[in-house]
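**Q** First the structure, which I've put down as C-alpha cells, then a few questions once you've had a look.
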Amino acid sequence: IYVGDVLTGEQIWKYSYADNPLMKYSIPSDVTRVDTDGDGRIDRLYVGDMGGQIWRFDIKNPSPFNWTVKCIFDSNYPPPTSGDRRKIFYPPDVSLEVDWSDYELLLFGTGDREHPRTKSVTDRLYTLKDRNPSTVMNDSHLVDVTAGLLQSSTASATQKQTILDDLKAKSGWNINLDQSSGEKCISPALIFFGISYFSTFIPCTEVTTDPCYVGEGLAKLYALRYLSGNAVFNFDLTNDLGGETLTK
C-alpha cells in the first residue's frame with residue numbers, strides 16, 4: 001500500500017511484506033477510505049487481499065511515522081491443506097455503527113474474479129464488526145446465518161433467541177454460498193438504509209476446454225438486513241422464508 005503526494009508524486013508512506021509477513025498476497029482491490037470521526041478528513045483505510053484477509057490502516061496521526069496497520073480478519077482460517085483460497089477482489093463498504101461501543105461495520109464477499117468458472121471453493125458473504133481487535137478474527141468469531149433460521153417457521157423460539165444473542169455478542173455474520181456450485185461474489189457490496197446488497201455469479205454447467213470461455217452463467221442479487229443477514233426483499237418466490245426478525 002502506497003501513499004503519495006497528489007501534486008508531486010513523492011512517496012509519503014508505504015507498507016508491505018517487509019513490514020508484516022502476513023502481507024504476502026497481492027491486492028488488486030481499490031482501497032476503502034473512511035472518516036471515522038466526522039471531521040472531513042480520511043483517517044482509516046480498509047482493503048482485502050488475495051489471501052482472503054482484511055487489512056485496517058489507521059492514518060489519523062499527522063505524522064506518517066505513527067500510522068498503524070493490522071490484519072483484522074482471515075476468511076481462510078484454518079488455512080486449506082490443498083486447493084484454492086477465498087479471495088477478496090473488491091473493497092468493503094463501511095457503515096459507522098453504535099451499540100455498546102462505536103465500531104465500523106464492513107460488508108464484503110469472496111470470489112475469484114480471475115477464475116469465474118472455478119467450483120473448488122465455497123465462497124461467502126460477510127458482515128464484520130471492527131472494534132479494533134487485538135488478534136486476527138476468523139469465521140469462528142461470526143454467526144453463520146446461512147440456514148436463515150430467524151425467518152424459519154420450523155425453528156424454535158429458543159433457537160432464534162440464541163441467534164439474536166450471538167448476533168449482538170459476536171463480530172458479525174456470514175452466509176455460505178453453497179446452494180449453487182461455484183457461486184461467488186465478484187462485485188462490491190453496498191449498504192443503504194439498513195440493507196446490505198450483494199450480487200453473485202454462478203458459472204454455467206457447459207463443458208469446454210477453452211480456458212477463456214466463461215459462458216453466460218447465472219446471477220443472483222441478495223438484499224439482506226445488514227445486522228442479521230435476514231432477507232429483506234424476496235426475489236425468489238419458490239423459497240419464501242417469511243419476514244425478518246431482527247431490526248436495528
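Here, A, B, ... name the chains of the C-alpha cells in the order displayed, residue numbers run from 1 inside each chain, and ligands are numbered from 1 in the same displayed order.
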Could you list, as a compact mmCIF listing (two decimals) with N, CA, C and O atoms, in the first residue's frame, every residue within 6 Å of Pro92 in chain A, counting only C-alpha atoms and ignoring same-chain residues fewer than 2 positions away?
**A**
```
# COMPACT_ATOMS: atom_id res chain seq x y z
N LEU A 106 -18.14 -3.64 8.30
CA LEU A 106 -17.62 -3.86 6.95
C LEU A 106 -18.44 -4.92 6.24
O LEU A 106 -18.76 -5.97 6.82
N LEU A 107 -18.78 -4.67 4.98
CA LEU A 107 -19.51 -5.61 4.15
C LEU A 107 -18.66 -5.98 2.95
O LEU A 107 -18.16 -5.10 2.24
N PHE A 108 -18.52 -7.27 2.69
CA PHE A 108 -17.74 -7.72 1.54
C PHE A 108 -18.07 -9.17 1.24
O PHE A 108 -18.66 -9.88 2.07
```
**Q** May I have the residues within 12 Å of range 157-166 of chain A as number ranges by chain, using only C-alpha atoms and disregarding those fewer than 2 positions away in the same chain?
**A** A: 140-155, 168-173, 227-230, 244-248
**Q** Any chance you could list, as an MDAnalysis selection string, the residues in range 19-71 of chain A that come up strand (DSSP E or B) when DSSP is run on the backbone?
**A** chainID A and resid 32:34 44:48 53:58 68:71
**Q** Select, from A:Thr81, A:Thr68, A:Thr122, A:Ser16, the residue with the minimum atom-to-atom distance to Thr110 in chain A, counting only C-alpha atoms.
**A** A:Thr122
**Q** Output as a list in words all residues of range 18-246 of chain A that backbone DSSP marks as helix (DSSP H, G or I).
**A**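 DSSP on the backbone gives helix (DSSP H, G or I) at Pro64, Phe65, Asn66, Asp139, Ser140, His141, Leu149, Leu150, Gln151, Ala157, Thr158, Gln159, Lys160, Gln161, Thr162, Ile163, Leu164, Asp165, Asp166, Leu167, Lys168 and Ala169 of chain A.
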**Q** Can you list, as a VMD selection string, every protein, DNA or RNA residue that comes within 10 Å of range 10-14 of chain A when you count only C-alpha atoms, leaving out same-chain residues fewer than 2 positions away?
**A** chain A and resid 1 to 8 16 19 63 to 65 67
**Q** So how far away is CA of Phe198 in chain A from CA of His115 in chain A, in Å?
**A**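 Separation between CA of His115 in chain A and CA of Phe198 in chain A: 19.0 Å.
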**Q** Skipping near chain neighbours, those fewer than 5 positions away, what residues fall within 10 Å of Phe192 in chain A using only C-alpha atoms, listed as a PDB file with N, CA and C atoms, in the first residue's frame?
**A**
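Just written: around-v1.pdb:
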```
ATOM      1  N   ASP A  93     -17.625  -2.192   1.748  1.00  0.00           N
ATOM      2  CA  ASP A  93     -18.388  -0.995   2.081  1.00  0.00           C
ATOM      3  C   ASP A  93     -18.401  -0.886   3.607  1.00  0.00           C
ATOM      4  N   SER A  95     -20.040   1.000   7.234  1.00  0.00           N
ATOM      5  CA  SER A  95     -21.041   1.787   7.946  1.00  0.00           C
ATOM      6  C   SER A  95     -20.530   2.044   9.358  1.00  0.00           C
ATOM      7  N   TYR A 197     -26.557  -5.089   0.134  1.00  0.00           N
ATOM      8  CA  TYR A 197     -26.793  -5.678  -1.182  1.00  0.00           C
ATOM      9  C   TYR A 197     -25.523  -6.393  -1.654  1.00  0.00           C
ATOM     10  N   TYR A 226     -28.788  -5.719   7.315  1.00  0.00           N
ATOM     11  CA  TYR A 226     -27.345  -5.713   7.489  1.00  0.00           C
ATOM     12  C   TYR A 226     -26.873  -6.180   8.851  1.00  0.00           C
TER      13      TYR A 226
END
```
**Q** Quick one: residues within 7 Å of range 202-206 of chain A, only C-alpha atoms counted, chain neighbours fewer than 5 positions away excluded, as a PyMOL selection string?
**A** chain A and resi 116-117+180+182-184+215-219
**Q** Please produce an output containing C-alpha atoms for each residue in the selection, written as a PDB file, in the first residue's frame.
**A**
```pdb
ATOM      1  CA  PRO A 116     -15.050 -17.251 -12.507  1.00  0.00           C
ATOM      2  CA  ARG A 117     -15.730 -20.856 -13.569  1.00  0.00           C
ATOM      3  CA  SER A 180     -25.188 -23.469  -6.295  1.00  0.00           C
ATOM      4  CA  GLY A 182     -19.208 -22.308  -7.856  1.00  0.00           C
ATOM      5  CA  GLU A 183     -21.336 -19.343  -6.733  1.00  0.00           C
ATOM      6  CA  LYS A 184     -19.082 -16.426  -5.895  1.00  0.00           C
ATOM      7  CA  GLY A 215     -20.401 -18.569 -20.664  1.00  0.00           C
ATOM      8  CA  GLU A 216     -23.475 -16.707 -19.559  1.00  0.00           C
ATOM      9  CA  GLY A 217     -23.860 -18.293 -16.136  1.00  0.00           C
ATOM     10  CA  LEU A 218     -26.466 -17.066 -13.669  1.00  0.00           C
ATOM     11  CA  ALA A 219     -26.688 -14.007 -11.440  1.00  0.00           C
TER      12      ALA A 219
END
```
**Q** Counting only C-alpha atoms, which residues in range 132-244 of chain A sit no more than 12 Å from range 31-50 of chain A? For each one, give the nearest pair of atoms and the distance in Å, sorted by chain then residue number, as CSV.
**A**
```
residue,atom,partner,partner_atom,distance
A:Asn132,CA,A:Arg44,CA,11.6
A:Pro188,CA,A:Thr32,CA,11.0
A:Ala189,CA,A:Thr32,CA,11.9
```
**Q** Please measure the separation of CA of Asn138 in chain A and CA of Lys60 in chain A, giving the value in Å to one decimal.
**A** 26.3 Å
**Q** Can you tell me which residues surround Tyr222 in chain A at a distance of at most 12 Å, considering only C-alpha atoms, apart from same-chain residues fewer than 5 positions away, and format the answer as a PDB file with N, CA and C atoms, in the first residue's frame?
**A**
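To be explicit, this is the file written out as result.pdb:
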```
ATOM      1  N   GLY A 109     -17.707  -9.613   0.064  1.00  0.00           N
ATOM      2  CA  GLY A 109     -17.872 -11.011  -0.317  1.00  0.00           C
ATOM      3  C   GLY A 109     -16.589 -11.553  -0.879  1.00  0.00           C
ATOM      4  N   LEU A 125     -20.526 -14.517   1.910  1.00  0.00           N
ATOM      5  CA  LEU A 125     -20.871 -13.112   2.105  1.00  0.00           C
ATOM      6  C   LEU A 125     -20.607 -12.776   3.562  1.00  0.00           C
ATOM      7  N   ILE A 175     -22.608 -15.838   5.365  1.00  0.00           N
ATOM      8  CA  ILE A 175     -23.505 -16.737   4.632  1.00  0.00           C
ATOM      9  C   ILE A 175     -22.664 -17.541   3.653  1.00  0.00           C
ATOM     10  N   LEU A 177     -22.115 -19.522   0.355  1.00  0.00           N
ATOM     11  CA  LEU A 177     -22.711 -19.602  -0.977  1.00  0.00           C
ATOM     12  C   LEU A 177     -22.608 -21.046  -1.464  1.00  0.00           C
ATOM     13  N   CYS A 185     -18.958 -14.156  -5.108  1.00  0.00           N
ATOM     14  CA  CYS A 185     -19.217 -12.713  -5.120  1.00  0.00           C
ATOM     15  C   CYS A 185     -18.037 -12.024  -5.796  1.00  0.00           C
ATOM     16  N   ALA A 189     -19.876  -5.021  -2.482  1.00  0.00           N
ATOM     17  CA  ALA A 189     -21.097  -4.991  -1.684  1.00  0.00           C
ATOM     18  C   ALA A 189     -21.509  -3.541  -1.465  1.00  0.00           C
ATOM     19  N   LEU A 190     -22.773  -3.330  -1.133  1.00  0.00           N
ATOM     20  CA  LEU A 190     -23.289  -1.982  -0.914  1.00  0.00           C
ATOM     21  C   LEU A 190     -24.268  -1.998   0.245  1.00  0.00           C
ATOM     22  N   ILE A 191     -24.140  -1.028   1.127  1.00  0.00           N
ATOM     23  CA  ILE A 191     -25.101  -0.881   2.216  1.00  0.00           C
ATOM     24  C   ILE A 191     -25.852   0.434   2.044  1.00  0.00           C
ATOM     25  N   ILE A 195     -29.893  -1.874   4.667  1.00  0.00           N
ATOM     26  CA  ILE A 195     -29.948  -3.073   3.827  1.00  0.00           C
ATOM     27  C   ILE A 195     -28.600  -3.264   3.145  1.00  0.00           C
ATOM     28  N   SER A 196     -28.092  -4.480   3.199  1.00  0.00           N
ATOM     29  CA  SER A 196     -26.850  -4.793   2.511  1.00  0.00           C
ATOM     30  C   SER A 196     -27.175  -5.531   1.219  1.00  0.00           C
ATOM     31  N   TYR A 197     -26.557  -5.089   0.134  1.00  0.00           N
ATOM     32  CA  TYR A 197     -26.793  -5.678  -1.182  1.00  0.00           C
ATOM     33  C   TYR A 197     -25.523  -6.393  -1.654  1.00  0.00           C
ATOM     34  N   PHE A 198     -25.698  -7.627  -2.084  1.00  0.00           N
ATOM     35  CA  PHE A 198     -24.613  -8.409  -2.666  1.00  0.00           C
ATOM     36  C   PHE A 198     -25.110  -8.992  -3.987  1.00  0.00           C
ATOM     37  N   SER A 199     -24.272  -9.013  -4.993  1.00  0.00           N
ATOM     38  CA  SER A 199     -24.589  -9.746  -6.212  1.00  0.00           C
ATOM     39  C   SER A 199     -23.561 -10.852  -6.389  1.00  0.00           C
ATOM     40  N   THR A 200     -24.002 -11.991  -6.945  1.00  0.00           N
ATOM     41  CA  THR A 200     -23.112 -13.135  -7.119  1.00  0.00           C
ATOM     42  C   THR A 200     -23.218 -13.681  -8.534  1.00  0.00           C
ATOM     43  N   PHE A 201     -22.231 -14.487  -8.895  1.00  0.00           N
ATOM     44  CA  PHE A 201     -22.182 -15.132 -10.208  1.00  0.00           C
ATOM     45  C   PHE A 201     -22.117 -16.639 -10.014  1.00  0.00           C
ATOM     46  N   GLY A 229     -28.549 -10.489   8.532  1.00  0.00           N
ATOM     47  CA  GLY A 229     -28.487 -11.355   7.363  1.00  0.00           C
ATOM     48  C   GLY A 229     -29.851 -11.839   6.912  1.00  0.00           C
ATOM     49  N   ASN A 230     -30.933 -11.366   7.525  1.00  0.00           N
ATOM     50  CA  ASN A 230     -32.285 -11.744   7.107  1.00  0.00           C
ATOM     51  C   ASN A 230     -32.599 -11.173   5.729  1.00  0.00           C
ATOM     52  N   ALA A 231     -33.352 -11.923   4.947  1.00  0.00           N
ATOM     53  CA  ALA A 231     -33.788 -11.424   3.646  1.00  0.00           C
ATOM     54  C   ALA A 231     -34.773 -10.285   3.841  1.00  0.00           C
ATOM     55  N   VAL A 232     -34.554  -9.191   3.128  1.00  0.00           N
ATOM     56  CA  VAL A 232     -35.453  -8.040   3.198  1.00  0.00           C
ATOM     57  C   VAL A 232     -36.432  -8.077   2.048  1.00  0.00           C
ATOM     58  N   PHE A 233     -35.933  -8.285   0.847  1.00  0.00           N
ATOM     59  CA  PHE A 233     -36.774  -8.429  -0.337  1.00  0.00           C
ATOM     60  C   PHE A 233     -36.695  -9.873  -0.805  1.00  0.00           C
ATOM     61  N   ASN A 234     -37.813 -10.446  -1.128  1.00  0.00           N
ATOM     62  CA  ASN A 234     -37.846 -11.826  -1.574  1.00  0.00           C
ATOM     63  C   ASN A 234     -37.855 -11.861  -3.102  1.00  0.00           C
ATOM     64  N   PHE A 235     -36.695 -12.154  -3.688  1.00  0.00           N
ATOM     65  CA  PHE A 235     -36.589 -12.217  -5.135  1.00  0.00           C
ATOM     66  C   PHE A 235     -36.883 -13.615  -5.673  1.00  0.00           C
ATOM     67  N   ASP A 236     -37.024 -14.583  -4.777  1.00  0.00           N
ATOM     68  CA  ASP A 236     -37.250 -15.968  -5.187  1.00  0.00           C
ATOM     69  C   ASP A 236     -38.522 -16.475  -4.519  1.00  0.00           C
TER      70      ASP A 236
END
```
**Q** Rank A:Arg86, A:Glu97, A:Ser134, A:Ala223 by their smallest atom-to-atom distance to Gly111 in chain A, using only C-alpha atoms, and report the top residue only.
**A**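 Of the candidates, the smallest distance to Gly111 in chain A is held by A:Arg86.
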